[in-house]
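This report refers to the structure that appears directly beneath it.
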Amino acid sequence: MTQKTFAFVVYPGLTPLDLVGPLQVINGHAAVDPSVRVAVVGETLEALGTDTPLRIAPSHTFDQIPDPSWVLVPGGGAPTLRALGDETLIGYLRRAAESAELMTSVCTGSLLLGQAGLLEGREATTHWTFLDTLRAFGAEPVRQRWADSGPVITAAGVSAGIDLALHLVERMSGADVARLVQFGIEYDPQPPLGPLDWSLAPREQMRPFVDHTVREGLADQPELREKLLAQR
């Protein structure tokens, strides 16, 4: 049986749930569909720090998975913005996009897709505090749980990656398989405070934090830093 690879891209400082939520979903898909292979890819096989005490070790290097069928890029804070200047990482995304069926992201991972030139003229989303910065990459920001723009699909912040991944399973193998995976991970969100009321989003309280994150993450890339800040 010919296998197709779903590559989850890792880099220093990412947000673990951006990665692990979708990874658990797609791994469940692979358990019922042996034609799907799951890989976690990085520049090297060394364990990487995240924005929590958890460290993550890739299963493969970029060179070992040069042409995945599907790609997912997690996001994060200042380290993700620093990764915009990582030509090894961005170059891998550009090359993978040449043959991949789907290029996807969670949270600010969409900015990395944008830096790779994959969002120009497309609708895209990201964490709500960074939504406007997508315009710096030629995207049309949309306030959605995920934005499906054909071969490029972006998800909103952090937990939205689980919803994105179930959408991907449905797109790849149909609703019955997606529902099976959803039951398998018992994904039935019932947050203690109920759903978010976006009219109460703390936009002004978060603005200084986000601006600081941009300035810190892009301290060595002043042109890009000012480009993103101009969208705020």
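Chain labels run A, B, ... following the order of the structure tokens; each chain numbers its residues from 1, and ligands are numbered from 1 in the order shown.
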Legend entry - Contacts of Arg82 (chain A) within 8 Å, only C-alpha atoms, excl. fewer than 4 positions in-chain, as a PyMOL selection string: chain A and resi 78+86+217-218
Inset, instruction - Tell me which protein, DNA and RNA residues are within 10 Å of region 135-140 of chain A, counting only C-alpha atoms, leaving out same-chain ones fewer than 2 positions away, and put them as JSON, numbers by chain. - result: {"A": [110, 111, 112, 113, 114, 115, 116, 117, 118, 119, 120, 121, 122, 123, 124, 125, 131, 132, 133, 142, 224, 226, 227, 228, 229, 230, 231]}
Dump of N, CA and C atoms for the selected residues, as a PDB file, in the first residue's frame:
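Once everything was written out, this is again14.pdb:
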```
ATOM      1  N   SER A 110      -0.104  30.568  10.878  1.00  0.00           N
ATOM      2  CA  SER A 110      -0.499  31.148   9.586  1.00  0.00           C
ATOM      3  C   SER A 110       0.488  32.221   9.131  1.00  0.00           C
ATOM      4  N   LEU A 111       1.123  32.907  10.073  1.00  0.00           N
ATOM      5  CA  LEU A 111       2.111  33.923   9.686  1.00  0.00           C
ATOM      6  C   LEU A 111       3.308  33.271   9.000  1.00  0.00           C
ATOM      7  N   LEU A 112       3.649  32.061   9.423  1.00  0.00           N
ATOM      8  CA  LEU A 112       4.746  31.337   8.775  1.00  0.00           C
ATOM      9  C   LEU A 112       4.355  30.933   7.355  1.00  0.00           C
ATOM     10  N   LEU A 113       3.103  30.521   7.169  1.00  0.00           N
ATOM     11  CA  LEU A 113       2.632  30.251   5.802  1.00  0.00           C
ATOM     12  C   LEU A 113       2.670  31.531   4.974  1.00  0.00           C
ATOM     13  N   GLY A 114       2.301  32.639   5.610  1.00  0.00           N
ATOM     14  CA  GLY A 114       2.349  33.918   4.905  1.00  0.00           C
ATOM     15  C   GLY A 114       3.759  34.285   4.497  1.00  0.00           C
ATOM     16  N   GLN A 115       4.715  34.078   5.392  1.00  0.00           N
ATOM     17  CA  GLN A 115       6.114  34.388   5.086  1.00  0.00           C
ATOM     18  C   GLN A 115       6.629  33.508   3.953  1.00  0.00           C
ATOM     19  N   ALA A 116       6.052  32.317   3.827  1.00  0.00           N
ATOM     20  CA  ALA A 116       6.435  31.413   2.727  1.00  0.00           C
ATOM     21  C   ALA A 116       5.731  31.774   1.427  1.00  0.00           C
ATOM     22  N   GLY A 117       4.901  32.817   1.454  1.00  0.00           N
ATOM     23  CA  GLY A 117       4.232  33.288   0.240  1.00  0.00           C
ATOM     24  C   GLY A 117       2.977  32.527  -0.118  1.00  0.00           C
ATOM     25  N   LEU A 118       2.357  31.869   0.869  1.00  0.00           N
ATOM     26  CA  LEU A 118       1.227  30.990   0.569  1.00  0.00           C
ATOM     27  C   LEU A 118      -0.137  31.607   0.847  1.00  0.00           C
ATOM     28  N   LEU A 119      -0.179  32.830   1.393  1.00  0.00           N
ATOM     29  CA  LEU A 119      -1.463  33.434   1.752  1.00  0.00           C
ATOM     30  C   LEU A 119      -1.895  34.555   0.816  1.00  0.00           C
ATOM     31  N   GLU A 120      -1.065  34.915  -0.119  1.00  0.00           N
ATOM     32  CA  GLU A 120      -1.380  36.034  -1.011  1.00  0.00           C
ATOM     33  C   GLU A 120      -2.714  35.819  -1.713  1.00  0.00           C
ATOM     34  N   GLY A 121      -3.653  36.764  -1.502  1.00  0.00           N
ATOM     35  CA  GLY A 121      -4.952  36.705  -2.161  1.00  0.00           C
ATOM     36  C   GLY A 121      -5.922  35.696  -1.567  1.00  0.00           C
ATOM     37  N   ARG A 122      -5.580  35.096  -0.448  1.00  0.00           N
ATOM     38  CA  ARG A 122      -6.456  34.093   0.164  1.00  0.00           C
ATOM     39  C   ARG A 122      -7.098  34.620   1.445  1.00  0.00           C
ATOM     40  N   GLU A 123      -8.280  34.101   1.762  1.00  0.00           N
ATOM     41  CA  GLU A 123      -8.842  34.315   3.087  1.00  0.00           C
ATOM     42  C   GLU A 123      -8.052  33.469   4.077  1.00  0.00           C
ATOM     43  N   ALA A 124      -7.812  34.029   5.257  1.00  0.00           N
ATOM     44  CA  ALA A 124      -7.043  33.303   6.269  1.00  0.00           C
ATOM     45  C   ALA A 124      -7.442  33.794   7.650  1.00  0.00           C
ATOM     46  N   THR A 125      -7.158  32.966   8.637  1.00  0.00           N
ATOM     47  CA  THR A 125      -7.420  33.349  10.019  1.00  0.00           C
ATOM     48  C   THR A 125      -6.235  32.971  10.888  1.00  0.00           C
ATOM     49  N   LEU A 131      -5.035  38.822  14.148  1.00  0.00           N
ATOM     50  CA  LEU A 131      -5.794  38.678  12.904  1.00  0.00           C
ATOM     51  C   LEU A 131      -5.424  39.739  11.876  1.00  0.00           C
ATOM     52  N   ASP A 132      -5.315  40.994  12.295  1.00  0.00           N
ATOM     53  CA  ASP A 132      -5.042  42.070  11.339  1.00  0.00           C
ATOM     54  C   ASP A 132      -3.668  41.953  10.696  1.00  0.00           C
ATOM     55  N   THR A 133      -2.719  41.296  11.377  1.00  0.00           N
ATOM     56  CA  THR A 133      -1.364  41.213  10.824  1.00  0.00           C
ATOM     57  C   THR A 133      -1.308  40.357   9.566  1.00  0.00           C
ATOM     58  N   VAL A 142     -10.203  36.746   8.094  1.00  0.00           N
ATOM     59  CA  VAL A 142     -11.600  36.413   8.372  1.00  0.00           C
ATOM     60  C   VAL A 142     -11.694  35.876   9.793  1.00  0.00           C
ATOM     61  N   LEU A 224      10.229  43.906   8.840  1.00  0.00           N
ATOM     62  CA  LEU A 224       9.045  43.074   9.018  1.00  0.00           C
ATOM     63  C   LEU A 224       8.288  43.470  10.286  1.00  0.00           C
ATOM     64  N   GLU A 226       7.977  46.457  11.642  1.00  0.00           N
ATOM     65  CA  GLU A 226       7.164  47.635  11.391  1.00  0.00           C
ATOM     66  C   GLU A 226       6.013  47.338  10.447  1.00  0.00           C
ATOM     67  N   LYS A 227       6.216  46.401   9.546  1.00  0.00           N
ATOM     68  CA  LYS A 227       5.152  46.005   8.617  1.00  0.00           C
ATOM     69  C   LYS A 227       3.985  45.400   9.376  1.00  0.00           C
ATOM     70  N   LEU A 228       4.289  44.546  10.368  1.00  0.00           N
ATOM     71  CA  LEU A 228       3.226  43.930  11.156  1.00  0.00           C
ATOM     72  C   LEU A 228       2.573  44.936  12.091  1.00  0.00           C
ATOM     73  N   LEU A 229       3.390  45.786  12.722  1.00  0.00           N
ATOM     74  CA  LEU A 229       2.842  46.776  13.642  1.00  0.00           C
ATOM     75  C   LEU A 229       1.937  47.761  12.909  1.00  0.00           C
ATOM     76  N   ALA A 230       2.225  48.009  11.647  1.00  0.00           N
ATOM     77  CA  ALA A 230       1.408  48.937  10.865  1.00  0.00           C
ATOM     78  C   ALA A 230      -0.010  48.424  10.655  1.00  0.00           C
ATOM     79  N   GLN A 231      -0.207  47.112  10.810  1.00  0.00           N
ATOM     80  CA  GLN A 231      -1.544  46.529  10.630  1.00  0.00           C
ATOM     81  C   GLN A 231      -2.352  46.553  11.924  1.00  0.00           C
TER      82      GLN A 231
END
```
So that each row is one residue of region 111-189 of chain A with an atom at most 12 Å from region 35-54 of chain A, can you give its shortest atom pair and the distance in Å to one decimal, using only C-alpha atoms, rows by chain and rising number, as CSV?
```
residue,atom,partner,partner_atom,distance
A:Val169,CA,A:Val36,CA,10.8
A:Met172,CA,A:Val36,CA,10.2
A:Ser173,CA,A:Val36,CA,10.6
```
Inset, instruction - Excluding Phe6 (chain A) and residues on its chain fewer than 6 positions from it, collect all residues at most 12 Å away from it, counting only C-alpha atoms, and give them as number ranges by chain. - result: A: 22-23, 25-27, 29-30, 35-41, 60, 65-73, 96, 100-104, 165, 168-169, 172
Inset, instruction - Would you list, as an MDAnalysis selection string, the residues of region 117-180 of chain A that end up in strand (DSSP E or B) under DSSP run on this structure's backbone? - result: chainID A and resid 123:124 140:141 146:149 152:155
Inset, instruction - Could you tell me how far CA of Asp33 (chain A) lies from CA of Glu170 (chain A), in Å and to one decimal? - result: 12.7 Å
Residue contacts of Arg179 (chain A) (12 Å, only C-alpha atoms) excluding same-chain residues fewer than 2 positions away, as a PDB file with N, CA, C and O atoms, in the first residue's frame:
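And here's out39.pdb as it stands now:
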```
ATOM      1  N   VAL A  25      -5.674  14.003  16.626  1.00  0.00           N
ATOM      2  CA  VAL A  25      -6.764  13.737  15.677  1.00  0.00           C
ATOM      3  C   VAL A  25      -6.251  12.981  14.463  1.00  0.00           C
ATOM      4  O   VAL A  25      -6.814  11.946  14.060  1.00  0.00           O
ATOM      5  N   GLY A  28      -5.284   9.478  15.117  1.00  0.00           N
ATOM      6  CA  GLY A  28      -6.466   8.630  15.163  1.00  0.00           C
ATOM      7  C   GLY A  28      -6.946   8.260  13.772  1.00  0.00           C
ATOM      8  O   GLY A  28      -7.386   7.132  13.520  1.00  0.00           O
ATOM      9  N   HIS A  29      -6.849   9.204  12.860  1.00  0.00           N
ATOM     10  CA  HIS A  29      -7.212   8.937  11.467  1.00  0.00           C
ATOM     11  C   HIS A  29      -6.296   7.866  10.880  1.00  0.00           C
ATOM     12  O   HIS A  29      -6.745   6.928  10.209  1.00  0.00           O
ATOM     13  N   ASP A 163     -10.523  21.425  15.928  1.00  0.00           N
ATOM     14  CA  ASP A 163     -11.615  21.559  14.959  1.00  0.00           C
ATOM     15  C   ASP A 163     -11.081  21.491  13.528  1.00  0.00           C
ATOM     16  O   ASP A 163     -11.675  20.844  12.661  1.00  0.00           O
ATOM     17  N   ALA A 165      -8.417  19.962  12.489  1.00  0.00           N
ATOM     18  CA  ALA A 165      -7.984  18.605  12.163  1.00  0.00           C
ATOM     19  C   ALA A 165      -9.167  17.694  11.848  1.00  0.00           C
ATOM     20  O   ALA A 165      -9.103  16.874  10.933  1.00  0.00           O
ATOM     21  N   LEU A 166     -10.266  17.837  12.587  1.00  0.00           N
ATOM     22  CA  LEU A 166     -11.454  17.051  12.270  1.00  0.00           C
ATOM     23  C   LEU A 166     -12.015  17.436  10.910  1.00  0.00           C
ATOM     24  O   LEU A 166     -12.495  16.582  10.155  1.00  0.00           O
ATOM     25  N   HIS A 167     -11.950  18.729  10.582  1.00  0.00           N
ATOM     26  CA  HIS A 167     -12.359  19.174   9.246  1.00  0.00           C
ATOM     27  C   HIS A 167     -11.467  18.542   8.180  1.00  0.00           C
ATOM     28  O   HIS A 167     -11.956  18.114   7.119  1.00  0.00           O
ATOM     29  N   LEU A 168     -10.172  18.452   8.463  1.00  0.00           N
ATOM     30  CA  LEU A 168      -9.251  17.842   7.501  1.00  0.00           C
ATOM     31  C   LEU A 168      -9.562  16.366   7.297  1.00  0.00           C
ATOM     32  O   LEU A 168      -9.537  15.869   6.165  1.00  0.00           O
ATOM     33  N   VAL A 169      -9.858  15.653   8.392  1.00  0.00           N
ATOM     34  CA  VAL A 169     -10.201  14.241   8.260  1.00  0.00           C
ATOM     35  C   VAL A 169     -11.470  14.084   7.422  1.00  0.00           C
ATOM     36  O   VAL A 169     -11.551  13.205   6.543  1.00  0.00           O
ATOM     37  N   GLU A 170     -12.445  14.950   7.664  1.00  0.00           N
ATOM     38  CA  GLU A 170     -13.670  14.885   6.865  1.00  0.00           C
ATOM     39  C   GLU A 170     -13.363  15.153   5.394  1.00  0.00           C
ATOM     40  O   GLU A 170     -13.887  14.473   4.507  1.00  0.00           O
ATOM     41  N   ARG A 171     -12.509  16.128   5.146  1.00  0.00           N
ATOM     42  CA  ARG A 171     -12.169  16.468   3.760  1.00  0.00           C
ATOM     43  C   ARG A 171     -11.378  15.339   3.099  1.00  0.00           C
ATOM     44  O   ARG A 171     -11.549  15.058   1.917  1.00  0.00           O
ATOM     45  N   SER A 173     -11.297  11.962   4.147  1.00  0.00           N
ATOM     46  CA  SER A 173     -11.884  10.617   4.165  1.00  0.00           C
ATOM     47  C   SER A 173     -13.390  10.574   4.395  1.00  0.00           C
ATOM     48  O   SER A 173     -13.957   9.478   4.460  1.00  0.00           O
ATOM     49  N   GLY A 174     -14.024  11.724   4.542  1.00  0.00           N
ATOM     50  CA  GLY A 174     -15.473  11.725   4.684  1.00  0.00           C
ATOM     51  C   GLY A 174     -15.956  11.904   6.109  1.00  0.00           C
ATOM     52  O   GLY A 174     -15.217  11.728   7.079  1.00  0.00           O
ATOM     53  N   ALA A 175     -17.244  12.230   6.237  1.00  0.00           N
ATOM     54  CA  ALA A 175     -17.836  12.546   7.532  1.00  0.00           C
ATOM     55  C   ALA A 175     -17.852  11.355   8.480  1.00  0.00           C
ATOM     56  O   ALA A 175     -17.684  11.514   9.691  1.00  0.00           O
ATOM     57  N   ASP A 176     -18.073  10.143   7.962  1.00  0.00           N
ATOM     58  CA  ASP A 176     -18.148   8.971   8.836  1.00  0.00           C
ATOM     59  C   ASP A 176     -16.825   8.733   9.552  1.00  0.00           C
ATOM     60  O   ASP A 176     -16.808   8.423  10.757  1.00  0.00           O
ATOM     61  N   VAL A 177     -15.728   8.866   8.838  1.00  0.00           N
ATOM     62  CA  VAL A 177     -14.416   8.670   9.456  1.00  0.00           C
ATOM     63  C   VAL A 177     -14.129   9.791  10.452  1.00  0.00           C
ATOM     64  O   VAL A 177     -13.626   9.545  11.554  1.00  0.00           O
ATOM     65  N   VAL A 181     -13.338   9.371  14.478  1.00  0.00           N
ATOM     66  CA  VAL A 181     -12.180   9.937  15.168  1.00  0.00           C
ATOM     67  C   VAL A 181     -12.634  10.843  16.312  1.00  0.00           C
ATOM     68  O   VAL A 181     -12.058  10.818  17.407  1.00  0.00           O
ATOM     69  N   GLN A 182     -13.677  11.621  16.082  1.00  0.00           N
ATOM     70  CA  GLN A 182     -14.177  12.507  17.131  1.00  0.00           C
ATOM     71  C   GLN A 182     -14.642  11.714  18.348  1.00  0.00           C
ATOM     72  O   GLN A 182     -14.363  12.082  19.496  1.00  0.00           O
ATOM     73  N   PHE A 183     -15.333  10.602  18.117  1.00  0.00           N
ATOM     74  CA  PHE A 183     -15.726   9.743  19.233  1.00  0.00           C
ATOM     75  C   PHE A 183     -14.489   9.127  19.896  1.00  0.00           C
ATOM     76  O   PHE A 183     -14.437   8.968  21.122  1.00  0.00           O
ATOM     77  N   GLY A 184     -13.503   8.786  19.082  1.00  0.00           N
ATOM     78  CA  GLY A 184     -12.297   8.172  19.615  1.00  0.00           C
ATOM     79  C   GLY A 184     -11.564   9.061  20.607  1.00  0.00           C
ATOM     80  O   GLY A 184     -11.031   8.583  21.612  1.00  0.00           O
ATOM     81  N   ILE A 185     -11.528  10.363  20.333  1.00  0.00           N
ATOM     82  CA  ILE A 185     -10.860  11.298  21.251  1.00  0.00           C
ATOM     83  C   ILE A 185     -11.860  11.931  22.221  1.00  0.00           C
ATOM     84  O   ILE A 185     -11.485  12.787  23.030  1.00  0.00           O
ATOM     85  N   GLU A 186     -13.124  11.509  22.136  1.00  0.00           N
ATOM     86  CA  GLU A 186     -14.209  12.033  22.973  1.00  0.00           C
ATOM     87  C   GLU A 186     -14.197  13.558  23.001  1.00  0.00           C
ATOM     88  O   GLU A 186     -14.175  14.198  24.055  1.00  0.00           O
ATOM     89  N   TYR A 187     -14.211  14.123  21.803  1.00  0.00           N
ATOM     90  CA  TYR A 187     -14.191  15.585  21.680  1.00  0.00           C
ATOM     91  C   TYR A 187     -15.613  16.105  21.723  1.00  0.00           C
ATOM     92  O   TYR A 187     -16.359  16.009  20.751  1.00  0.00           O
ATOM     93  N   ASP A 188     -15.986  16.663  22.865  1.00  0.00           N
ATOM     94  CA  ASP A 188     -17.345  17.152  23.088  1.00  0.00           C
ATOM     95  C   ASP A 188     -17.249  18.383  23.997  1.00  0.00           C
ATOM     96  O   ASP A 188     -17.575  18.323  25.181  1.00  0.00           O
TER      97      ASP A 188
END
```
Inset, instruction - Calculate how many Å separate CA of Val106 (chain A) from CA of Ile153 (chain A), rounding to one decimal. - result: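 Pair CA of Val106 (chain A) / CA of Ile153 (chain A) returns 9.0 Å.
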Inset, instruction - Mind the document's chain letters and residue numbers, and return as number ranges by chain the residues of region 134-180 of chain A that DSSP labels helix (DSSP H, G or I). - result: A: 134-137, 160-173, 175-180
With N, CA and C atoms kept, could you save the residues just selected as a PDB file, in the first residue's frame?
```
ATOM      1  N   LEU A 134      -2.346  39.562   9.325  1.00  0.00           N
ATOM      2  CA  LEU A 134      -2.356  38.734   8.109  1.00  0.00           C
ATOM      3  C   LEU A 134      -2.319  39.581   6.838  1.00  0.00           C
ATOM      4  N   ARG A 135      -2.808  40.819   6.936  1.00  0.00           N
ATOM      5  CA  ARG A 135      -2.792  41.695   5.753  1.00  0.00           C
ATOM      6  C   ARG A 135      -1.369  41.973   5.285  1.00  0.00           C
ATOM      7  N   ALA A 136      -0.407  41.910   6.198  1.00  0.00           N
ATOM      8  CA  ALA A 136       0.984  42.151   5.829  1.00  0.00           C
ATOM      9  C   ALA A 136       1.506  41.096   4.861  1.00  0.00           C
ATOM     10  N   PHE A 137       0.811  39.956   4.780  1.00  0.00           N
ATOM     11  CA  PHE A 137       1.223  38.868   3.895  1.00  0.00           C
ATOM     12  C   PHE A 137       0.275  38.718   2.705  1.00  0.00           C
ATOM     13  N   ALA A 160      -8.493  25.765  18.422  1.00  0.00           N
ATOM     14  CA  ALA A 160      -9.137  25.630  17.109  1.00  0.00           C
ATOM     15  C   ALA A 160      -8.454  24.587  16.249  1.00  0.00           C
ATOM     16  N   GLY A 161      -7.230  24.214  16.595  1.00  0.00           N
ATOM     17  CA  GLY A 161      -6.524  23.202  15.820  1.00  0.00           C
ATOM     18  C   GLY A 161      -7.228  21.860  15.832  1.00  0.00           C
ATOM     19  N   ILE A 162      -7.921  21.542  16.919  1.00  0.00           N
ATOM     20  CA  ILE A 162      -8.658  20.276  16.976  1.00  0.00           C
ATOM     21  C   ILE A 162      -9.814  20.306  15.973  1.00  0.00           C
ATOM     22  N   ASP A 163     -10.523  21.425  15.928  1.00  0.00           N
ATOM     23  CA  ASP A 163     -11.615  21.559  14.959  1.00  0.00           C
ATOM     24  C   ASP A 163     -11.081  21.491  13.528  1.00  0.00           C
ATOM     25  N   LEU A 164      -9.969  22.185  13.291  1.00  0.00           N
ATOM     26  CA  LEU A 164      -9.346  22.145  11.965  1.00  0.00           C
ATOM     27  C   LEU A 164      -9.023  20.713  11.572  1.00  0.00           C
ATOM     28  N   ALA A 165      -8.417  19.962  12.489  1.00  0.00           N
ATOM     29  CA  ALA A 165      -7.984  18.605  12.163  1.00  0.00           C
ATOM     30  C   ALA A 165      -9.167  17.694  11.848  1.00  0.00           C
ATOM     31  N   LEU A 166     -10.266  17.837  12.587  1.00  0.00           N
ATOM     32  CA  LEU A 166     -11.454  17.051  12.270  1.00  0.00           C
ATOM     33  C   LEU A 166     -12.015  17.436  10.910  1.00  0.00           C
ATOM     34  N   HIS A 167     -11.950  18.729  10.582  1.00  0.00           N
ATOM     35  CA  HIS A 167     -12.359  19.174   9.246  1.00  0.00           C
ATOM     36  C   HIS A 167     -11.467  18.542   8.180  1.00  0.00           C
ATOM     37  N   LEU A 168     -10.172  18.452   8.463  1.00  0.00           N
ATOM     38  CA  LEU A 168      -9.251  17.842   7.501  1.00  0.00           C
ATOM     39  C   LEU A 168      -9.562  16.366   7.297  1.00  0.00           C
ATOM     40  N   VAL A 169      -9.858  15.653   8.392  1.00  0.00           N
ATOM     41  CA  VAL A 169     -10.201  14.241   8.260  1.00  0.00           C
ATOM     42  C   VAL A 169     -11.470  14.084   7.422  1.00  0.00           C
ATOM     43  N   GLU A 170     -12.445  14.950   7.664  1.00  0.00           N
ATOM     44  CA  GLU A 170     -13.670  14.885   6.865  1.00  0.00           C
ATOM     45  C   GLU A 170     -13.363  15.153   5.394  1.00  0.00           C
ATOM     46  N   ARG A 171     -12.509  16.128   5.146  1.00  0.00           N
ATOM     47  CA  ARG A 171     -12.169  16.468   3.760  1.00  0.00           C
ATOM     48  C   ARG A 171     -11.378  15.339   3.099  1.00  0.00           C
ATOM     49  N   MET A 172     -10.528  14.671   3.879  1.00  0.00           N
ATOM     50  CA  MET A 172      -9.683  13.616   3.341  1.00  0.00           C
ATOM     51  C   MET A 172     -10.425  12.292   3.176  1.00  0.00           C
ATOM     52  N   SER A 173     -11.297  11.962   4.147  1.00  0.00           N
ATOM     53  CA  SER A 173     -11.884  10.617   4.165  1.00  0.00           C
ATOM     54  C   SER A 173     -13.390  10.574   4.395  1.00  0.00           C
ATOM     55  N   ALA A 175     -17.244  12.230   6.237  1.00  0.00           N
ATOM     56  CA  ALA A 175     -17.836  12.546   7.532  1.00  0.00           C
ATOM     57  C   ALA A 175     -17.852  11.355   8.480  1.00  0.00           C
ATOM     58  N   ASP A 176     -18.073  10.143   7.962  1.00  0.00           N
ATOM     59  CA  ASP A 176     -18.148   8.971   8.836  1.00  0.00           C
ATOM     60  C   ASP A 176     -16.825   8.733   9.552  1.00  0.00           C
ATOM     61  N   VAL A 177     -15.728   8.866   8.838  1.00  0.00           N
ATOM     62  CA  VAL A 177     -14.416   8.670   9.456  1.00  0.00           C
ATOM     63  C   VAL A 177     -14.129   9.791  10.452  1.00  0.00           C
ATOM     64  N   ALA A 178     -14.457  11.027  10.076  1.00  0.00           N
ATOM     65  CA  ALA A 178     -14.233  12.149  10.989  1.00  0.00           C
ATOM     66  C   ALA A 178     -15.023  11.969  12.281  1.00  0.00           C
ATOM     67  N   ARG A 179     -16.256  11.489  12.162  1.00  0.00           N
ATOM     68  CA  ARG A 179     -17.083  11.273  13.350  1.00  0.00           C
ATOM     69  C   ARG A 179     -16.510  10.149  14.215  1.00  0.00           C
ATOM     70  N   LEU A 180     -15.982   9.119  13.570  1.00  0.00           N
ATOM     71  CA  LEU A 180     -15.354   8.026  14.302  1.00  0.00           C
ATOM     72  C   LEU A 180     -14.165   8.540  15.102  1.00  0.00           C
TER      73      LEU A 180
END
```
Legend entry - Selected residue, from A:Pro141, A:Pro151, A:Gly13, A:Gly157, that lies nearest to His127 (chain A) when counting only C-alpha atoms: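 With only C-alpha atoms as the atom set, the closest residue is A:Gly157.
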